[in-house]
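Here is the file input_2.cif (mmCIF, C-alpha atoms).
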```
data_protein
#
loop_
_atom_site.group_PDB
_atom_site.id
_atom_site.type_symbol
_atom_site.label_atom_id
_atom_site.label_comp_id
_atom_site.auth_asym_id
_atom_site.auth_seq_id
_atom_site.Cartn_x
_atom_site.Cartn_y
_atom_site.Cartn_z
ATOM 1 C CA MET S 1 150.257 -12.797 -65.281
ATOM 2 C CA ILE S 2 149.682 -13.761 -61.756
ATOM 3 C CA ILE S 3 148.392 -11.069 -59.418
ATOM 4 C CA LYS S 4 149.012 -11.626 -55.815
ATOM 5 C CA ARG S 5 146.204 -10.611 -53.617
ATOM 6 C CA ARG S 6 146.455 -9.748 -50.027
ATOM 7 C CA SER S 7 144.414 -11.500 -47.543
ATOM 8 C CA ALA S 8 141.167 -9.992 -46.219
ATOM 9 C CA GLY S 9 142.893 -8.329 -43.200
ATOM 10 C CA SER S 10 142.285 -4.516 -43.184
ATOM 11 C CA MET S 11 145.130 -2.021 -42.828
ATOM 12 C CA GLY S 12 143.854 0.769 -40.549
ATOM 13 C CA LEU S 13 145.651 3.769 -39.098
ATOM 14 C CA ASN S 14 145.826 3.956 -35.358
ATOM 15 C CA LEU S 15 143.897 7.166 -34.700
ATOM 16 C CA THR S 16 144.095 7.138 -30.934
ATOM 17 C CA SER S 17 147.254 9.218 -30.558
ATOM 18 C CA MET S 18 146.047 11.754 -33.116
ATOM 19 C CA ILE S 19 142.737 12.159 -31.304
ATOM 20 C CA ASP S 20 144.635 12.665 -28.044
ATOM 21 C CA VAL S 21 146.656 15.498 -29.547
ATOM 22 C CA VAL S 22 143.636 17.030 -31.243
ATOM 23 C CA PHE S 23 141.689 17.078 -27.990
ATOM 24 C CA LEU S 24 144.633 18.639 -26.200
ATOM 25 C CA LEU S 25 144.760 21.392 -28.825
ATOM 26 C CA LEU S 26 141.023 21.887 -28.542
ATOM 27 C CA ILE S 27 141.159 22.257 -24.765
ATOM 28 C CA TYR S 28 144.123 24.645 -25.020
ATOM 29 C CA PHE S 29 142.330 26.981 -27.425
ATOM 30 C CA MET S 30 139.077 26.819 -25.466
ATOM 31 C CA VAL S 31 140.854 27.843 -22.283
ATOM 32 C CA ALA S 32 143.199 30.397 -23.843
ATOM 33 C CA THR S 33 140.641 32.207 -25.989
ATOM 34 C CA GLU S 34 139.281 35.360 -24.428
ATOM 35 C CA PHE S 35 136.388 36.855 -26.290
ATOM 36 C CA LYS S 36 136.511 40.588 -26.670
ATOM 37 C CA THR S 37 133.406 42.443 -25.537
ATOM 38 C CA ALA S 38 131.788 44.765 -28.019
ATOM 39 C CA GLU S 39 132.911 48.351 -27.731
ATOM 40 C CA GLU S 40 131.488 51.600 -28.989
ATOM 41 C CA SER S 41 132.859 55.117 -28.825
ATOM 42 C CA PHE S 42 132.000 58.804 -28.807
ATOM 43 C CA PRO S 43 134.142 60.898 -31.159
ATOM 44 C CA MET S 44 135.430 64.094 -29.571
ATOM 45 C CA ASP S 45 137.457 66.766 -31.317
ATOM 46 C CA LEU S 46 140.259 68.359 -29.356
ATOM 47 C CA PRO S 47 140.742 72.011 -30.194
ATOM 48 C CA MET S 48 144.237 73.273 -30.929
ATOM 49 C CA ARG S 49 145.970 74.760 -27.937
ATOM 50 C CA ASP S 50 147.578 77.826 -29.409
ATOM 51 C CA HIS S 51 144.666 79.192 -31.371
ATOM 52 C CA GLY S 52 142.760 81.488 -29.100
ATOM 53 C CA GLN S 53 139.129 81.421 -30.034
ATOM 54 C CA THR S 54 137.199 84.644 -29.896
ATOM 55 C CA LEU S 55 133.751 83.902 -28.675
ATOM 56 C CA THR S 56 130.827 86.000 -29.699
ATOM 57 C CA LEU S 57 127.667 86.101 -27.656
ATOM 58 C CA ASP S 58 126.016 83.668 -30.060
ATOM 59 C CA ASN S 59 128.507 80.880 -29.558
ATOM 60 C CA GLU S 60 129.317 81.307 -25.924
ATOM 61 C CA PRO S 61 129.435 77.716 -24.732
ATOM 62 C CA LEU S 62 126.805 76.135 -22.555
ATOM 63 C CA VAL S 63 128.704 74.843 -19.518
ATOM 64 C CA ILE S 64 127.309 71.792 -17.708
ATOM 65 C CA PHE S 65 128.777 71.034 -14.285
ATOM 66 C CA VAL S 66 128.766 67.358 -13.316
ATOM 67 C CA GLU S 67 129.413 65.832 -9.911
ATOM 68 C CA SER S 68 129.193 62.272 -8.602
ATOM 69 C CA SER S 69 127.030 61.833 -5.531
ATOM 70 C CA GLY S 70 127.275 58.074 -5.094
ATOM 71 C CA GLU S 71 128.265 54.724 -6.471
ATOM 72 C CA ASN S 72 125.308 54.027 -8.743
ATOM 73 C CA PRO S 73 125.142 55.157 -12.359
ATOM 74 C CA ASN S 74 122.220 57.453 -11.526
ATOM 75 C CA ASP S 75 123.934 59.097 -8.550
ATOM 76 C CA VAL S 76 125.020 62.158 -10.466
ATOM 77 C CA ARG S 77 124.294 65.852 -9.939
ATOM 78 C CA VAL S 78 124.231 68.252 -12.863
ATOM 79 C CA ARG S 79 124.063 72.032 -12.895
ATOM 80 C CA LEU S 80 123.957 74.561 -15.686
ATOM 81 C CA ASP S 81 126.076 77.670 -15.748
ATOM 82 C CA GLY S 82 123.955 80.733 -16.481
ATOM 83 C CA PRO S 83 120.473 82.060 -15.916
ATOM 84 C CA TRP S 84 118.767 78.715 -16.360
ATOM 85 C CA ASP S 85 116.345 76.847 -14.177
ATOM 86 C CA SER S 86 117.964 74.263 -11.954
ATOM 87 C CA ILE S 87 117.930 70.718 -13.219
ATOM 88 C CA ALA S 88 117.868 67.638 -11.035
ATOM 89 C CA SER S 89 118.925 64.767 -13.214
ATOM 90 C CA LEU S 90 120.338 63.757 -16.572
ATOM 91 C CA GLU S 91 116.807 63.224 -17.871
ATOM 92 C CA ASP S 92 115.998 66.842 -16.972
ATOM 93 C CA LEU S 93 119.156 67.907 -18.756
ATOM 94 C CA LEU S 94 118.073 65.956 -21.817
ATOM 95 C CA SER S 95 114.670 67.611 -21.928
ATOM 96 C CA PHE S 96 116.259 71.051 -21.362
ATOM 97 C CA LEU S 97 118.683 70.539 -24.240
ATOM 98 C CA ARG S 98 115.961 69.253 -26.547
ATOM 99 C CA LYS S 99 113.570 72.056 -25.617
ATOM 100 C CA ASN S 100 116.133 74.760 -26.325
ATOM 101 C CA LYS S 101 117.490 73.321 -29.537
ATOM 102 C CA ALA S 102 116.926 75.433 -32.631
ATOM 103 C CA GLY S 103 115.209 73.925 -35.609
ATOM 104 C CA THR S 104 113.167 71.301 -33.817
ATOM 105 C CA PHE S 105 109.417 71.262 -33.528
ATOM 106 C CA GLY S 106 108.094 72.822 -30.320
ATOM 107 C CA SER S 107 111.464 74.204 -29.203
ATOM 108 C CA SER S 108 112.341 77.749 -28.269
ATOM 109 C CA GLY S 109 115.454 77.478 -30.435
ATOM 110 C CA LEU S 110 118.184 79.072 -28.336
ATOM 111 C CA PHE S 111 120.989 76.708 -29.289
ATOM 112 C CA ALA S 112 121.941 75.553 -32.749
ATOM 113 C CA GLU S 113 123.032 71.985 -33.367
ATOM 114 C CA THR S 114 126.648 73.147 -33.503
ATOM 115 C CA HIS S 115 126.420 75.255 -30.357
ATOM 116 C CA PRO S 116 129.474 74.490 -28.179
ATOM 117 C CA ILE S 117 128.646 72.461 -25.102
ATOM 118 C CA ARG S 118 131.276 71.975 -22.423
ATOM 119 C CA ILE S 119 130.933 69.196 -19.900
ATOM 120 C CA LYS S 120 132.765 70.290 -16.761
ATOM 121 C CA PRO S 121 132.986 67.508 -14.170
ATOM 122 C CA THR S 122 134.631 67.982 -10.801
ATOM 123 C CA SER S 123 138.020 66.369 -10.316
ATOM 124 C CA LYS S 124 136.516 63.556 -8.194
ATOM 125 C CA THR S 125 133.691 62.799 -10.613
ATOM 126 C CA ARG S 126 133.663 59.210 -11.786
ATOM 127 C CA TRP S 127 134.413 58.677 -15.443
ATOM 128 C CA ASP S 128 131.105 56.947 -16.164
ATOM 129 C CA HIS S 129 129.180 59.961 -14.843
ATOM 130 C CA ALA S 130 131.181 62.297 -17.094
ATOM 131 C CA VAL S 131 130.492 59.987 -20.040
ATOM 132 C CA ALA S 132 126.795 59.819 -19.098
ATOM 133 C CA ALA S 133 126.586 63.633 -19.257
ATOM 134 C CA TYR S 134 128.392 63.574 -22.605
ATOM 135 C CA ASN S 135 125.937 60.954 -23.839
ATOM 136 C CA THR S 136 122.983 63.088 -22.726
ATOM 137 C CA ALA S 137 124.172 66.003 -24.852
ATOM 138 C CA ALA S 138 124.805 63.641 -27.757
ATOM 139 C CA ARG S 139 121.297 62.184 -27.379
ATOM 140 C CA ALA S 140 119.911 65.689 -27.846
ATOM 141 C CA ASP S 141 121.725 65.719 -31.217
ATOM 142 C CA TYR S 142 124.333 68.326 -30.416
ATOM 143 C CA VAL S 143 127.591 67.779 -32.267
ATOM 144 C CA ASN S 144 130.050 70.203 -30.677
ATOM 145 C CA ILE S 145 130.569 68.645 -27.248
ATOM 146 C CA THR S 146 133.850 68.715 -25.342
ATOM 147 C CA LEU S 147 135.034 67.662 -21.921
ATOM 148 C CA ASP S 148 136.452 70.644 -20.099
ATOM 149 C CA GLU S 149 139.040 70.829 -17.350
ATOM 150 C CA PRO S 150 137.794 69.800 -13.905
ATOM 151 C CA SER S 151 135.998 72.431 -11.897
ATOM 152 C CA MET K 1 128.997 -19.697 -16.790
ATOM 153 C CA ALA K 2 128.883 -19.661 -20.538
ATOM 154 C CA ARG K 3 129.628 -16.460 -22.469
ATOM 155 C CA ARG K 4 127.554 -15.466 -25.424
ATOM 156 C CA GLY K 5 128.882 -13.934 -28.597
ATOM 157 C CA ASN K 6 131.750 -14.519 -30.904
ATOM 158 C CA PRO K 7 135.045 -13.791 -29.121
ATOM 159 C CA SER K 8 136.923 -13.042 -32.356
ATOM 160 C CA SER K 9 134.690 -10.115 -33.487
ATOM 161 C CA THR K 10 135.517 -6.518 -32.337
ATOM 162 C CA ILE K 11 133.181 -3.513 -32.194
ATOM 163 C CA ASN K 12 134.759 -0.341 -33.686
ATOM 164 C CA ALA K 13 133.171 3.064 -33.259
ATOM 165 C CA ASN K 14 133.201 5.204 -36.394
ATOM 166 C CA MET K 15 135.583 8.032 -35.444
ATOM 167 C CA THR K 16 135.369 10.048 -38.665
ATOM 168 C CA PRO K 17 132.457 12.421 -37.780
ATOM 169 C CA MET K 18 133.887 13.091 -34.346
ATOM 170 C CA ILE K 19 137.281 13.982 -35.802
ATOM 171 C CA ASP K 20 135.587 16.230 -38.372
ATOM 172 C CA VAL K 21 133.731 18.161 -35.681
ATOM 173 C CA THR K 22 136.816 18.384 -33.481
ATOM 174 C CA PHE K 23 138.908 19.793 -36.301
ATOM 175 C CA LEU K 24 136.195 22.340 -37.072
ATOM 176 C CA LEU K 25 136.222 23.449 -33.442
ATOM 177 C CA ILE K 26 140.004 23.761 -33.473
ATOM 178 C CA VAL K 27 139.948 25.844 -36.650
ATOM 179 C CA PHE K 28 137.260 28.063 -35.094
ATOM 180 C CA PHE K 29 139.254 28.723 -31.931
ATOM 181 C CA VAL K 30 142.490 29.306 -33.844
ATOM 182 C CA VAL K 31 140.799 31.921 -36.038
ATOM 183 C CA VAL K 32 138.959 33.609 -33.165
ATOM 184 C CA SER K 33 142.050 33.847 -30.977
ATOM 185 C CA GLN K 34 143.726 35.827 -33.754
ATOM 186 C CA ILE K 35 140.889 38.348 -33.812
ATOM 187 C CA VAL K 36 141.147 39.373 -30.163
ATOM 188 C CA ASP K 37 142.379 42.926 -29.815
ATOM 189 C CA ARG K 38 145.602 42.786 -27.871
ATOM 190 C CA ASP K 39 145.765 46.579 -27.421
ATOM 191 C CA ALA K 40 142.838 46.554 -25.051
ATOM 192 C CA VAL K 41 143.506 46.110 -21.337
ATOM 193 C CA SER K 42 140.716 44.381 -19.454
ATOM 194 C CA MET K 43 138.695 46.895 -17.438
ATOM 195 C CA ASP K 44 135.151 47.869 -16.578
ATOM 196 C CA LEU K 45 134.212 50.427 -19.216
ATOM 197 C CA PRO K 46 131.410 52.975 -18.765
ATOM 198 C CA SER K 47 128.044 51.913 -20.155
ATOM 199 C CA PRO K 48 125.613 54.854 -20.159
ATOM 200 C CA GLU K 49 121.933 54.131 -20.643
ATOM 201 C CA ASN K 50 120.559 54.697 -24.152
ATOM 202 C CA ALA K 51 124.021 55.399 -25.488
ATOM 203 C CA VAL K 52 124.166 57.003 -28.918
ATOM 204 C CA ALA K 53 127.780 56.009 -29.464
ATOM 205 C CA ALA K 54 128.754 54.208 -32.641
ATOM 206 C CA ILE K 55 130.959 51.240 -33.360
ATOM 207 C CA PRO K 56 134.310 52.797 -34.336
ATOM 208 C CA SER K 57 135.389 52.260 -37.906
ATOM 209 C CA PRO K 58 138.185 49.722 -38.365
ATOM 210 C CA GLN K 59 140.932 52.192 -39.135
ATOM 211 C CA LYS K 60 144.468 52.317 -37.890
ATOM 212 C CA LYS K 61 144.381 53.514 -34.316
ATOM 213 C CA VAL K 62 146.428 53.965 -31.195
ATOM 214 C CA VAL K 63 144.738 52.791 -27.998
ATOM 215 C CA VAL K 64 145.433 54.575 -24.713
ATOM 216 C CA ASN K 65 144.400 52.509 -21.660
ATOM 217 C CA ILE K 66 144.181 54.136 -18.240
ATOM 218 C CA VAL K 67 144.704 51.116 -16.000
ATOM 219 C CA PRO K 68 142.742 51.572 -12.756
ATOM 220 C CA SER K 69 143.742 50.767 -9.211
ATOM 221 C CA LYS K 70 141.617 51.127 -6.092
ATOM 222 C CA ASN K 71 139.258 54.006 -5.274
ATOM 223 C CA GLY K 72 139.328 55.587 -8.693
ATOM 224 C CA GLU K 73 143.099 56.038 -8.699
ATOM 225 C CA VAL K 74 145.334 55.124 -11.627
ATOM 226 C CA GLU K 75 147.954 52.400 -11.637
ATOM 227 C CA SER K 76 149.571 52.975 -15.014
ATOM 228 C CA ILE K 77 148.931 53.836 -18.633
ATOM 229 C CA VAL K 78 149.234 51.240 -21.375
ATOM 230 C CA VAL K 79 149.622 52.631 -24.869
ATOM 231 C CA ALA K 80 150.517 50.557 -27.922
ATOM 232 C CA GLY K 81 152.192 47.860 -25.862
ATOM 233 C CA HIS K 82 154.142 50.287 -23.641
ATOM 234 C CA GLU K 83 153.311 50.402 -19.959
ATOM 235 C CA LEU K 84 153.990 53.852 -18.559
ATOM 236 C CA SER K 85 153.863 55.060 -15.008
ATOM 237 C CA TRP K 86 151.530 57.902 -14.181
ATOM 238 C CA ASN K 87 154.426 60.370 -14.074
ATOM 239 C CA ALA K 88 155.396 59.607 -17.670
ATOM 240 C CA LEU K 89 152.678 61.608 -19.419
ATOM 241 C CA PRO K 90 155.199 63.434 -21.695
ATOM 242 C CA GLU K 91 156.297 60.014 -22.914
ATOM 243 C CA LEU K 92 152.656 59.212 -23.687
ATOM 244 C CA THR K 93 152.504 62.314 -25.857
ATOM 245 C CA SER K 94 155.577 61.283 -27.837
ATOM 246 C CA ILE K 95 154.308 57.699 -28.351
ATOM 247 C CA VAL K 96 150.915 58.920 -29.588
ATOM 248 C CA LYS K 97 152.638 61.450 -31.841
ATOM 249 C CA THR K 98 154.858 58.754 -33.330
ATOM 250 C CA HIS K 99 151.851 56.558 -34.110
ATOM 251 C CA LEU K 100 149.882 59.430 -35.625
ATOM 252 C CA GLN K 101 152.829 60.267 -37.860
ATOM 253 C CA GLY K 102 153.076 56.573 -38.722
ATOM 254 C CA GLY K 103 149.599 56.436 -40.195
ATOM 255 C CA ALA K 104 147.256 56.044 -37.229
ATOM 256 C CA VAL K 105 144.186 58.218 -37.678
ATOM 257 C CA ALA K 106 142.351 57.736 -34.389
ATOM 258 C CA VAL K 107 143.203 57.807 -30.705
ATOM 259 C CA HIS K 108 141.032 55.514 -28.583
ATOM 260 C CA LEU K 109 140.784 56.405 -24.904
ATOM 261 C CA ARG K 110 139.789 53.561 -22.579
ATOM 262 C CA ALA K 111 139.237 54.287 -18.893
ATOM 263 C CA ASP K 112 137.529 52.391 -16.109
ATOM 264 C CA ARG K 113 134.111 53.655 -15.068
ATOM 265 C CA MET K 114 135.319 54.287 -11.504
ATOM 266 C CA THR K 115 138.343 56.365 -12.516
ATOM 267 C CA GLN K 116 138.289 59.934 -11.263
ATOM 268 C CA TYR K 117 137.880 62.521 -13.995
ATOM 269 C CA THR K 118 141.010 64.452 -13.028
ATOM 270 C CA TYR K 119 143.188 61.548 -14.258
ATOM 271 C CA VAL K 120 141.270 61.163 -17.509
ATOM 272 C CA HIS K 121 141.506 64.869 -18.151
ATOM 273 C CA GLN K 122 145.274 64.881 -17.684
ATOM 274 C CA VAL K 123 145.567 62.071 -20.230
ATOM 275 C CA ILE K 124 143.325 63.995 -22.646
ATOM 276 C CA GLU K 125 145.574 67.026 -22.195
ATOM 277 C CA ALA K 126 148.652 64.881 -22.851
ATOM 278 C CA ILE K 127 147.073 63.655 -26.095
ATOM 279 C CA ARG K 128 146.168 67.239 -26.938
ATOM 280 C CA ASP K 129 149.852 68.153 -26.586
ATOM 281 C CA VAL K 130 150.472 66.199 -29.793
ATOM 282 C CA GLY K 131 149.479 69.408 -31.502
ATOM 283 C CA SER K 132 147.797 68.139 -34.634
ATOM 284 C CA SER K 133 144.292 68.466 -33.196
ATOM 285 C CA PRO K 134 143.497 64.758 -33.154
ATOM 286 C CA ARG K 135 140.007 63.367 -32.834
ATOM 287 C CA ILE K 136 139.829 61.022 -29.882
ATOM 288 C CA GLN K 137 137.302 58.257 -29.374
ATOM 289 C CA LEU K 138 135.901 57.840 -25.864
ATOM 290 C CA VAL K 139 135.411 54.091 -25.636
ATOM 291 C CA ILE K 140 132.418 52.686 -23.796
ATOM 292 C CA GLU K 141 130.968 49.227 -23.388
ATOM 293 C CA GLY K 142 128.966 48.147 -26.400
ATOM 294 C CA ASP K 143 125.282 47.397 -26.366
ATOM 295 C CA LEU K 144 124.840 43.658 -25.957
ATOM 296 C CA GLU K 145 121.184 43.615 -26.925
#
```
How does this structure look as structure tokens?
Amino acid sequence: MIIKRRSAGSMGLNLTSMIDVVFLLLIYFMVATEFKTAEESFPMDLPMRDHGQTLTLDNEPLVIFVESSGENPNDVRVRLDGPWDSIASLEDLLSFLRKNKAGTFGSSGLFAETHPIRIKPTSKTRWDHAVAAYNTAARADYVNITLDEPS
Amino acid sequence: MARRGNPSSTINANMTPMIDVTFLLIVFFVVVSQIVDRDAVSMDLPSPENAVAAIPSPQKKVVVNIVPSKNGEVESIVVAGHELSWNALPELTSIVKTHLQGGAVAVHLRADRMTQYTYVHQVIEAIRDVGSSPRIQLVIEGDLE
């Protein structure tokens, strides 16, 4: 049987057009892709509207007034409602909340971990300042924090 | 002037590794572009120092975006693909309610850091009008460290 052999000439695919298309696809996806920034969140429970809560003296909420005083993240004024010493900054608020938390070493123990804390920003307060006050209460390990209506 | 070299020989670059790498890059970008969360409107989220917030669990959610305009005002509200004007807060309540009844278990609230609190509070109240005491997640910028 006679087998015909081809000559030594190689049969190659022309890859140029494919590479063109592949590079076009690559550039399209590189330009069109928008990477999502990492996000975190604070969980906040919203109480039911129609269930009037009767507050006893023990769980009367600690109200924290918040007001923006400038553009920077640290330009925020905080004030406590009640017979407390005045506080100047969020760091002071943090130390106040930690000092008065029950069950921690070296604290006077006025507020339990579940003590209701209401953040009460003014209507013009910037959202990041309200969140910063919320974060301060969360840093002191309180779990019952809500954002109240604007003062 | 005499030329050196054999005129009949051609120099071919080996294209195979380059095509391999290019295809890998394409596959990467195709996959990543699917991951991007299309519910989230681009805005400057709050980023408090030493935040103790957590990465929200990947559960079914409805995202409420308060789209900012200038000077802390609000342009519109984008919720689950619907763009609502600021006067359409009752519609926001019904959309959130529909999603919660449809299996969503979390309401994510995204607002720009410059937005005035009075607008955010009105949106929170509109979500509260759903009536089933939902837990909302106040979204902040994640820690990049």
May I have the residues of chain S within 6 Å of chain K, counting all atoms listed in the file, written as a PDB file with C-alpha atoms, in the coordinates of the input?
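The result, written out as part_39.pdb:
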```pdb
ATOM      1  CA  LEU S  26     141.023  21.887 -28.542  1.00  0.00           C
ATOM      2  CA  PHE S  29     142.330  26.981 -27.425  1.00  0.00           C
ATOM      3  CA  THR S  33     140.641  32.207 -25.989  1.00  0.00           C
ATOM      4  CA  LYS S  36     136.511  40.588 -26.670  1.00  0.00           C
ATOM      5  CA  ALA S  38     131.788  44.765 -28.019  1.00  0.00           C
ATOM      6  CA  GLU S  39     132.911  48.351 -27.731  1.00  0.00           C
ATOM      7  CA  GLU S  40     131.488  51.600 -28.989  1.00  0.00           C
ATOM      8  CA  SER S  41     132.859  55.117 -28.825  1.00  0.00           C
ATOM      9  CA  PHE S  42     132.000  58.804 -28.807  1.00  0.00           C
ATOM     10  CA  PRO S  43     134.142  60.898 -31.159  1.00  0.00           C
ATOM     11  CA  MET S  44     135.430  64.094 -29.571  1.00  0.00           C
ATOM     12  CA  ASP S  45     137.457  66.766 -31.317  1.00  0.00           C
ATOM     13  CA  LEU S  46     140.259  68.359 -29.356  1.00  0.00           C
ATOM     14  CA  PRO S  47     140.742  72.011 -30.194  1.00  0.00           C
ATOM     15  CA  MET S  48     144.237  73.273 -30.929  1.00  0.00           C
ATOM     16  CA  SER S 123     138.020  66.369 -10.316  1.00  0.00           C
ATOM     17  CA  LYS S 124     136.516  63.556  -8.194  1.00  0.00           C
ATOM     18  CA  THR S 125     133.691  62.799 -10.613  1.00  0.00           C
ATOM     19  CA  ARG S 126     133.663  59.210 -11.786  1.00  0.00           C
ATOM     20  CA  TRP S 127     134.413  58.677 -15.443  1.00  0.00           C
ATOM     21  CA  ASP S 128     131.105  56.947 -16.164  1.00  0.00           C
ATOM     22  CA  ALA S 132     126.795  59.819 -19.098  1.00  0.00           C
TER      23      ALA S 132
END
```
Between CA of Ala88 in chain S and CA of Leu147 in chain S, measure the distance and give it in Å to one decimal.
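It comes out at 20.3 Å.
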For this session: Apply the PyMOL selection byres ((chain S and resi 61) around 8) to the structure shown and report the selected residues as a PyMOL selection string.
Result: chain S and resi 59-60+62-63+115-118
May I have the residues from that selection written out with C-alpha atoms, as a CSV table (one decimal), keeping the file's coordinate frame?
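Written output follows (out_10.csv):
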```csv
chain,number,residue,atom,x,y,z
S,59,ASN,CA,128.5,80.9,-29.6
S,60,GLU,CA,129.3,81.3,-25.9
S,62,LEU,CA,126.8,76.1,-22.6
S,63,VAL,CA,128.7,74.8,-19.5
S,115,HIS,CA,126.4,75.3,-30.4
S,116,PRO,CA,129.5,74.5,-28.2
S,117,ILE,CA,128.6,72.5,-25.1
S,118,ARG,CA,131.3,72.0,-22.4
```
Return the padded bounding box of range 83-98 of chain K as JSON: axis-aligned, built from all atoms listed in the file, 6 Å added on each side, with centre and edge lengths in Å to one decimal.
```
{"center_x": 153.6, "center_y": 56.9, "center_z": -23.7, "size_x": 17.4, "size_y": 25.0, "size_z": 31.3}
```
Find the residues around Val79 in chain K up to 7 Å (all atoms listed in the file counted), leave out those fewer than 2 positions away in its own chain, and share them as a list in words.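 In the requested format, the answer is Val63, Val64, Asn65, Ile77, Gly81, His82 and Glu83 of chain K.
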Could you spell out the hits of the PyMOL selection byres ((chain S and resi 87) around 12) on the shown file, as an MDAnalysis selection string?
-> chainID S and resid 64:66 76:81 83:86 88:97
Judged by all atoms listed in the file, the minimum distance to Glu113 in chain S among S:Tyr28, S:Asp141, S:Asn100, S:Tyr134 is found for S:Asp141
Can you tell me how far CA of Gly70 in chain S sits from CA of Val123 in chain K, in Å to one decimal?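 Distance between the two atoms: 24.1 Å.
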Ground truth for the PyMOL selection byres ((chain K and resi 86) around 8), written as a short mmCIF file (atom, residue, chain, number, x, y, z; two decimals) with C-alpha atoms, in the coordinates of the input:
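Final output, result.cif:
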```
data_model
loop_
_atom_site.label_atom_id
_atom_site.label_comp_id
_atom_site.auth_asym_id
_atom_site.auth_seq_id
_atom_site.Cartn_x
_atom_site.Cartn_y
_atom_site.Cartn_z
CA VAL K 74 145.33 55.12 -11.63
CA GLU K 75 147.95 52.40 -11.64
CA SER K 76 149.57 52.98 -15.01
CA ILE K 77 148.93 53.84 -18.63
CA LEU K 84 153.99 53.85 -18.56
CA SER K 85 153.86 55.06 -15.01
CA ASN K 87 154.43 60.37 -14.07
CA ALA K 88 155.40 59.61 -17.67
CA LEU K 89 152.68 61.61 -19.42
#
```
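Between CA of Val78 in chain K and CA of Thr122 in chain S lies a distance of 24.6 Å.
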Using all atoms listed in the file, the residue out of S:Ile27, S:Ala137, S:Val131, S:Tyr142 with shortest distance to Gly103 in chain S is S:Tyr142
